[in-house]
$ cat protein16.cif   # mmCIF, C-alpha atoms
data_coords
#
loop_
_atom_site.group_PDB
_atom_site.id
_atom_site.type_symbol
_atom_site.label_atom_id
_atom_site.label_comp_id
_atom_site.auth_asym_id
_atom_site.auth_seq_id
_atom_site.Cartn_x
_atom_site.Cartn_y
_atom_site.Cartn_z
ATOM 1 C CA MET A 1 135.135 254.857 111.179
ATOM 2 C CA LYS A 2 132.267 256.790 109.646
ATOM 3 C CA PRO A 3 129.829 258.376 112.160
ATOM 4 C CA PRO A 4 126.802 256.131 111.304
ATOM 5 C CA ILE A 5 128.937 252.997 111.645
ATOM 6 C CA ALA A 6 130.397 254.278 114.924
ATOM 7 C CA PHE A 7 126.899 255.015 116.225
ATOM 8 C CA LEU A 8 125.598 251.548 115.293
ATOM 9 C CA THR A 9 128.653 249.840 116.769
ATOM 10 C CA THR A 10 128.239 251.746 120.033
ATOM 11 C CA ALA A 11 124.496 251.064 120.151
ATOM 12 C CA LEU A 12 125.180 247.353 119.680
ATOM 13 C CA PHE A 13 127.839 247.435 122.411
ATOM 14 C CA LEU A 14 125.388 249.088 124.811
ATOM 15 C CA GLN A 15 122.857 246.320 124.135
ATOM 16 C CA VAL A 16 125.168 243.480 125.237
ATOM 17 C CA SER A 17 123.154 241.525 127.758
ATOM 18 C CA THR A 18 123.960 241.495 131.427
ATOM 19 C CA TYR A 19 123.875 237.708 131.288
ATOM 20 C CA ALA A 20 126.589 237.619 128.604
ATOM 21 C CA LEU A 21 128.973 239.458 130.904
ATOM 22 C CA GLY A 22 128.134 237.258 133.890
ATOM 23 C CA GLN A 23 126.852 240.280 135.738
ATOM 24 C CA GLU A 24 124.218 240.011 138.428
ATOM 25 C CA ASN A 25 123.415 243.365 139.943
ATOM 26 C CA LYS A 26 120.356 244.859 141.617
ATOM 27 C CA GLU A 27 121.196 248.259 140.155
ATOM 28 C CA PRO A 28 119.542 249.126 136.829
ATOM 29 C CA PRO A 29 122.255 248.990 134.152
ATOM 30 C CA TYR A 30 120.889 251.840 131.977
ATOM 31 C CA HIS A 31 121.196 255.545 132.655
ATOM 32 C CA VAL A 32 120.868 258.969 131.049
ATOM 33 C CA LYS A 33 123.185 261.928 131.575
ATOM 34 C CA ALA A 34 123.226 265.677 131.073
ATOM 35 C CA GLN A 35 126.610 267.377 131.064
ATOM 36 C CA PHE A 36 127.863 270.967 131.162
ATOM 37 C CA ALA A 37 131.142 271.577 129.267
ATOM 38 C CA GLY A 38 133.833 268.886 129.053
ATOM 39 C CA ASP A 39 134.689 269.138 125.332
ATOM 40 C CA ILE A 40 131.375 267.700 124.110
ATOM 41 C CA GLY A 41 129.840 271.160 123.817
ATOM 42 C CA LEU A 42 128.535 273.715 126.261
ATOM 43 C CA VAL A 43 125.680 271.299 127.007
ATOM 44 C CA SER A 44 125.284 267.648 126.077
ATOM 45 C CA VAL A 45 122.916 264.763 126.714
ATOM 46 C CA GLY A 46 123.688 261.090 126.612
ATOM 47 C CA ALA A 47 122.563 257.586 127.369
ATOM 48 C CA GLY A 48 124.511 254.529 128.377
ATOM 49 C CA ARG A 49 124.830 251.510 130.544
ATOM 50 C CA SER A 50 126.982 250.046 133.277
ATOM 51 C CA PHE A 51 128.927 246.797 133.057
ATOM 52 C CA LEU A 52 130.844 244.555 135.428
ATOM 53 C CA ARG A 53 128.850 245.464 138.543
ATOM 54 C CA GLY A 54 129.110 249.188 137.887
ATOM 55 C CA LYS A 55 132.895 249.228 137.423
ATOM 56 C CA VAL A 56 132.648 250.253 133.740
ATOM 57 C CA GLU A 57 130.254 252.632 131.991
ATOM 58 C CA ALA A 58 129.775 253.193 128.271
ATOM 59 C CA ASP A 59 127.928 256.288 127.050
ATOM 60 C CA LEU A 60 126.908 257.931 123.800
ATOM 61 C CA PHE A 61 126.576 261.753 123.930
ATOM 62 C CA LEU A 62 125.337 264.508 121.639
ATOM 63 C CA GLY A 63 126.600 268.001 122.455
ATOM 64 C CA TYR A 64 125.948 271.559 121.341
ATOM 65 C CA LEU A 65 128.024 274.735 121.521
ATOM 66 C CA PRO A 66 126.077 277.894 120.582
ATOM 67 C CA GLU A 67 127.624 280.464 118.265
ATOM 68 C CA ARG A 68 127.409 283.242 120.868
ATOM 69 C CA VAL A 69 129.653 281.199 123.195
ATOM 70 C CA GLY A 70 132.111 279.523 120.830
ATOM 71 C CA GLY A 71 132.156 281.825 117.801
ATOM 72 C CA ASP A 72 130.659 279.032 115.678
ATOM 73 C CA ARG A 73 127.669 276.779 116.230
ATOM 74 C CA ILE A 74 129.175 273.335 116.826
ATOM 75 C CA VAL A 75 127.509 269.924 117.157
ATOM 76 C CA THR A 76 129.550 267.055 118.560
ATOM 77 C CA ALA A 77 128.908 263.343 119.129
ATOM 78 C CA ALA A 78 131.028 261.413 121.601
ATOM 79 C CA VAL A 79 131.525 257.868 122.809
ATOM 80 C CA LYS A 80 132.708 257.743 126.387
ATOM 81 C CA ALA A 81 134.102 254.860 128.458
ATOM 82 C CA THR A 82 134.465 255.347 132.203
ATOM 83 C CA CYS A 83 136.217 253.061 134.682
ATOM 84 C CA VAL A 84 135.458 253.084 138.419
ATOM 85 C CA PRO A 85 138.507 251.361 139.961
ATOM 86 C CA VAL A 86 137.720 251.961 143.658
ATOM 87 C CA LYS A 87 134.693 251.172 145.789
ATOM 88 C CA ALA A 88 132.352 254.027 146.695
ATOM 89 C CA LEU A 89 132.806 255.598 150.111
ATOM 90 C CA GLN A 90 129.704 256.081 152.247
ATOM 91 C CA VAL A 91 129.475 259.654 153.494
ATOM 92 C CA ARG A 92 126.321 260.023 155.582
ATOM 93 C CA SER A 93 123.482 259.193 153.169
ATOM 94 C CA LEU A 94 125.636 259.669 150.054
ATOM 95 C CA ASP A 95 127.895 257.317 148.110
ATOM 96 C CA TRP A 96 131.041 259.063 146.850
ATOM 97 C CA GLN A 97 133.133 257.534 144.091
ATOM 98 C CA PRO A 98 136.388 259.468 144.581
ATOM 99 C CA LEU A 99 138.057 258.119 141.456
ATOM 100 C CA ARG A 100 136.557 257.695 137.997
ATOM 101 C CA THR A 101 138.744 257.776 134.922
ATOM 102 C CA GLY A 102 138.232 257.176 131.245
ATOM 103 C CA LEU A 103 138.551 257.946 127.581
ATOM 104 C CA GLN A 104 136.280 259.788 125.218
ATOM 105 C CA ALA A 105 136.314 259.880 121.416
ATOM 106 C CA GLY A 106 134.452 262.778 119.837
ATOM 107 C CA HIS A 107 133.413 263.759 116.326
ATOM 108 C CA THR A 108 132.655 267.382 115.414
ATOM 109 C CA PHE A 109 130.158 267.740 112.572
ATOM 110 C CA GLY A 110 130.479 270.309 109.774
ATOM 111 C CA ARG A 111 132.066 270.853 106.373
ATOM 112 C CA GLU A 112 134.845 272.958 107.856
ATOM 113 C CA TYR A 113 136.071 270.026 109.997
ATOM 114 C CA PHE A 114 138.053 267.130 108.578
ATOM 115 C CA ALA A 115 139.209 263.714 109.740
ATOM 116 C CA PHE A 116 142.182 263.744 107.368
ATOM 117 C CA GLU A 117 143.937 266.915 106.290
ATOM 118 C CA PRO A 118 142.840 267.849 102.746
ATOM 119 C CA GLN A 119 145.990 267.909 100.598
ATOM 120 C CA ASP A 120 144.471 270.295 98.050
ATOM 121 C CA LYS A 121 143.561 272.917 100.668
ATOM 122 C CA TYR A 122 146.532 273.028 103.072
ATOM 123 C CA PRO A 123 150.272 272.383 102.825
ATOM 124 C CA LYS A 124 151.299 268.940 104.067
ATOM 125 C CA SER A 125 151.222 268.705 107.902
ATOM 126 C CA TYR A 126 149.821 272.243 108.212
ATOM 127 C CA TYR A 127 147.425 271.200 110.976
ATOM 128 C CA GLY A 128 149.031 267.988 112.181
ATOM 129 C CA PHE A 129 145.778 266.861 113.818
ATOM 130 C CA SER A 130 142.271 266.037 112.692
ATOM 131 C CA THR A 131 139.852 268.901 113.322
ATOM 132 C CA ALA A 132 136.829 266.559 113.366
ATOM 133 C CA ILE A 133 137.942 263.576 115.468
ATOM 134 C CA HIS A 134 139.367 264.023 118.960
ATOM 135 C CA LEU A 135 140.500 261.714 121.754
ATOM 136 C CA TYR A 136 140.241 262.837 125.373
ATOM 137 C CA SER A 137 141.256 261.385 128.696
ATOM 138 C CA PHE A 138 139.741 262.432 132.000
ATOM 139 C CA ILE A 139 139.702 261.833 135.737
ATOM 140 C CA GLY A 140 136.997 262.742 138.216
ATOM 141 C CA GLY A 141 134.462 261.485 140.725
ATOM 142 C CA GLN A 142 130.766 261.052 141.362
ATOM 143 C CA VAL A 143 128.371 261.520 144.266
ATOM 144 C CA ASP A 144 125.303 259.243 144.251
ATOM 145 C CA PHE A 145 122.153 259.937 146.241
ATOM 146 C CA SER A 146 121.170 256.242 146.097
ATOM 147 C CA ARG A 147 120.559 255.979 149.852
ATOM 148 C CA THR A 148 118.287 259.035 150.044
ATOM 149 C CA LYS A 149 114.511 258.942 149.777
ATOM 150 C CA GLN A 150 114.230 262.022 147.554
ATOM 151 C CA LEU A 151 116.721 261.226 144.764
ATOM 152 C CA PRO A 152 117.653 257.515 144.915
ATOM 153 C CA ARG A 153 118.410 257.223 141.170
ATOM 154 C CA VAL A 154 120.387 260.475 140.790
ATOM 155 C CA GLY A 155 124.098 261.203 140.961
ATOM 156 C CA ILE A 156 126.271 264.197 140.104
ATOM 157 C CA TYR A 157 129.715 263.876 138.592
ATOM 158 C CA TYR A 158 132.749 266.051 137.897
ATOM 159 C CA GLU A 159 135.661 265.547 135.523
ATOM 160 C CA ALA A 160 138.915 267.212 134.526
ATOM 161 C CA GLY A 161 140.816 266.176 131.429
ATOM 162 C CA SER A 162 142.448 267.120 128.175
ATOM 163 C CA SER A 163 142.618 266.144 124.535
ATOM 164 C CA ALA A 164 145.567 264.306 123.058
ATOM 165 C CA GLU A 165 146.155 267.252 120.695
ATOM 166 C CA TYR A 166 146.455 269.758 123.556
ATOM 167 C CA LEU A 167 148.804 267.536 125.558
ATOM 168 C CA ILE A 168 151.097 267.003 122.552
ATOM 169 C CA SER A 169 151.021 270.717 121.681
ATOM 170 C CA TYR A 170 151.829 271.610 125.290
ATOM 171 C CA ALA A 171 154.770 269.184 125.365
ATOM 172 C CA GLN A 172 156.124 270.702 122.137
ATOM 173 C CA ASN A 173 155.598 274.335 123.145
ATOM 174 C CA PRO A 174 154.870 274.859 126.869
ATOM 175 C CA ARG A 175 155.333 278.653 126.617
ATOM 176 C CA TYR A 176 152.408 279.019 124.223
ATOM 177 C CA LEU A 177 149.814 276.928 126.088
ATOM 178 C CA SER A 178 149.239 277.217 129.811
ATOM 179 C CA PRO A 179 147.673 274.366 131.822
ATOM 180 C CA GLY A 180 144.496 276.475 132.064
ATOM 181 C CA LYS A 181 144.151 276.336 128.280
ATOM 182 C CA ILE A 182 144.704 272.612 127.825
ATOM 183 C CA PHE A 183 142.520 271.134 130.584
ATOM 184 C CA HIS A 184 138.731 271.020 130.552
ATOM 185 C CA LEU A 185 136.257 270.741 133.398
ATOM 186 C CA ALA A 186 132.861 269.040 133.183
ATOM 187 C CA LEU A 187 129.912 268.808 135.539
ATOM 188 C CA GLY A 188 127.074 266.394 134.990
ATOM 189 C CA VAL A 189 123.968 264.708 136.308
ATOM 190 C CA ARG A 190 123.368 260.962 135.937
ATOM 191 C CA MET A 191 119.997 259.297 136.408
ATOM 192 C CA LYS A 192 119.525 255.526 136.538
ATOM 193 C CA LEU A 193 116.576 254.268 134.501
#
$ encode --input "protein16.cif" --output "structure tokens"
Amino acid sequence: MKPPIAFLTTALFLQVSTYALGQENKEPPYHVKAQFAGDIGLVSVGAGRSFLRGKVEADLFLGYLPERVGGDRIVTAAVKATCVPVKALQVRSLDWQPLRTGLQAGHTFGREYFAFEPQDKYPKSYYGFSTAIHLYSFIGGQVDFSRTKQLPRVGIYYEAGSSAEYLISYAQNPRYLSPGKIFHLALGVRMKL
């Protein structure tokens, strides 16, 4: 799927009405996020919405990795789907979601990245994976300040995960890649609109 088509499809998905999903919720369905790390770039910003009474979230992110950190300046767009399978636990004035899991599809922009391996540039199966399109899975949690007076619309989240490419490479050659090299960590802030 070409990036503009993917963007439009995701934007349309995010606009599905609450009524169409049979969802009645007092919580605002839309939110914005800022994230540190997590394979979308060193920093990323995104917007999205919640579905099914907050059990599912869909987000669209744009991330940036500066050259001084990654060796190259990299811009990435990602579509992220998060599932919240368990009810939040109330810890004093906080709501803790101990389990959030999901999938993320990312696209890295640039001429040096490709979705399909160019046959004229590399021998067949030289890379084995796309360098532009990546699929990630993650698990994490979130702490919401919804019952506080100071920050009722704010939450912080944490995630750990890996890309499909890293997991396959690790399974094929565990001596080359250590778990520290294949897993990513992400920290983020979510604000309900």
$ resolve_selection --input "protein16.cif" --expression "the PyMOL selection byres ((chain A and resi 131) around 7)" --output "PyMOL selection string"
chain A and resi 113-115+129-130+132-133
$ closest_residue --input "protein16.cif" --among "A:Pro28, A:Glu117, A:Ser169, A:Thr101" --to "A:Arg53" --atoms "all atoms listed in the file"
A:Pro28
$ residues_around --input "protein16.cif" --residues "A:Ile139" --least-positions-apart "4" --cutoff "9 Å" --atoms "all atoms listed in the file" --output "ChimeraX atom specification"
/A:99-102,158-161
$ closest_residue --input "protein16.cif" --among "A:Pro174, A:Arg111, A:Gly155, A:Ile168" --to "A:Val32" --atoms "all atoms listed in the file"
A:Gly155
$ atom_distance --input "protein16.cif" --atom1 "atom CA of A:Arg190" --atom2 "atom CA of A:Tyr64"
18.2 Å
$ residues_around --input "protein16.cif" --residues "stretch 43-47 of chain A" --least-positions-apart "5" --cutoff "9 Å" --atoms "only C-alpha atoms" --output "compact mmCIF listing (two decimals) with C-alpha atoms, in the frame of the given file"
# COMPACT_ATOMS: atom_id res chain seq x y z
CA TYR A 30 120.89 251.84 131.98
CA HIS A 31 121.20 255.54 132.66
CA VAL A 32 120.87 258.97 131.05
CA LYS A 33 123.18 261.93 131.57
CA ALA A 34 123.23 265.68 131.07
CA GLN A 35 126.61 267.38 131.06
CA PHE A 36 127.86 270.97 131.16
CA ALA A 37 131.14 271.58 129.27
CA GLY A 38 133.83 268.89 129.05
CA ALA A 58 129.78 253.19 128.27
CA ASP A 59 127.93 256.29 127.05
CA LEU A 60 126.91 257.93 123.80
CA PHE A 61 126.58 261.75 123.93
CA LEU A 62 125.34 264.51 121.64
CA GLY A 63 126.60 268.00 122.46
CA TYR A 64 125.95 271.56 121.34
CA LEU A 65 128.02 274.74 121.52
CA THR A 76 129.55 267.06 118.56
CA ALA A 77 128.91 263.34 119.13
CA ALA A 78 131.03 261.41 121.60
$ resolve_selection --input "protein16.cif" --expression "the PyMOL selection byres ((chain A and resi 162) around 6)" --output "list in words"
Tyr136, Ser137, Gly161, Ser163, Ile182, Phe183 and His184 of chain A
$ closest_residue --input "protein16.cif" --among "A:Gly41, A:Pro123, A:Gly48, A:Gly54" --to "A:Ala88" --atoms "only C-alpha atoms"
A:Gly54
$ residues_around --input "protein16.cif" --residues "stretch 148-150 of chain A" --least-positions-apart "5" --cutoff "10 Å" --atoms "only C-alpha atoms" --output "list in words"
Arg92, Ser93, Leu94 and Asp95 of chain A
$ closest_residue --input "protein16.cif" --among "A:Gln90, A:Gln172, A:Thr108, A:Ser50" --to "A:Leu193" --atoms "all atoms listed in the file"
A:Ser50
$ closest_residue --input "protein16.cif" --among "A:Tyr166, A:Phe116, A:Phe51, A:Tyr157" --to "A:Asp39" --atoms "all atoms listed in the file"
A:Tyr166
$ atom_distance --input "protein16.cif" --atom1 "atom CA of A:Phe145" --atom2 "atom CA of A:Val84"
16.9 Å
$ closest_residue --input "protein16.cif" --among "A:Gln104, A:Thr82, A:Asn173, A:Gln97" --to "A:Ile156" --atoms "all atoms listed in the file"
A:Gln97
$ atom_distance --input "protein16.cif" --atom1 "atom CA of A:Trp96" --atom2 "atom CA of A:Pro179"
27.1 Å
$ residues_around --input "protein16.cif" --residues "A:His134" --least-positions-apart "4" --cutoff "7 Å" --atoms "only C-alpha atoms" --output "PDB file with C-alpha atoms, in the coordinates of the input"
ATOM      1  CA  ALA A 105     136.314 259.880 121.416  1.00  0.00           C
ATOM      2  CA  GLY A 106     134.452 262.778 119.837  1.00  0.00           C
ATOM      3  CA  HIS A 107     133.413 263.759 116.326  1.00  0.00           C
ATOM      4  CA  SER A 163     142.618 266.144 124.535  1.00  0.00           C
TER       5      SER A 163
END
$ residues_around --input "protein16.cif" --residues "A:Pro66" --least-positions-apart "2" --cutoff "10 Å" --atoms "all atoms listed in the file" --output "PyMOL selection string"
chain A and resi 41-43+64+68-75
$ axis_aligned_box --input "protein16.cif" --around "stretch 139-152 of chain A" --padding-each-side "3 Å" --output "AutoDock Vina command-line options"
--center_x 127.0 --center_y 259.4 --center_z 142.9 --size_x 31.5 --size_y 12.8 --size_z 20.3
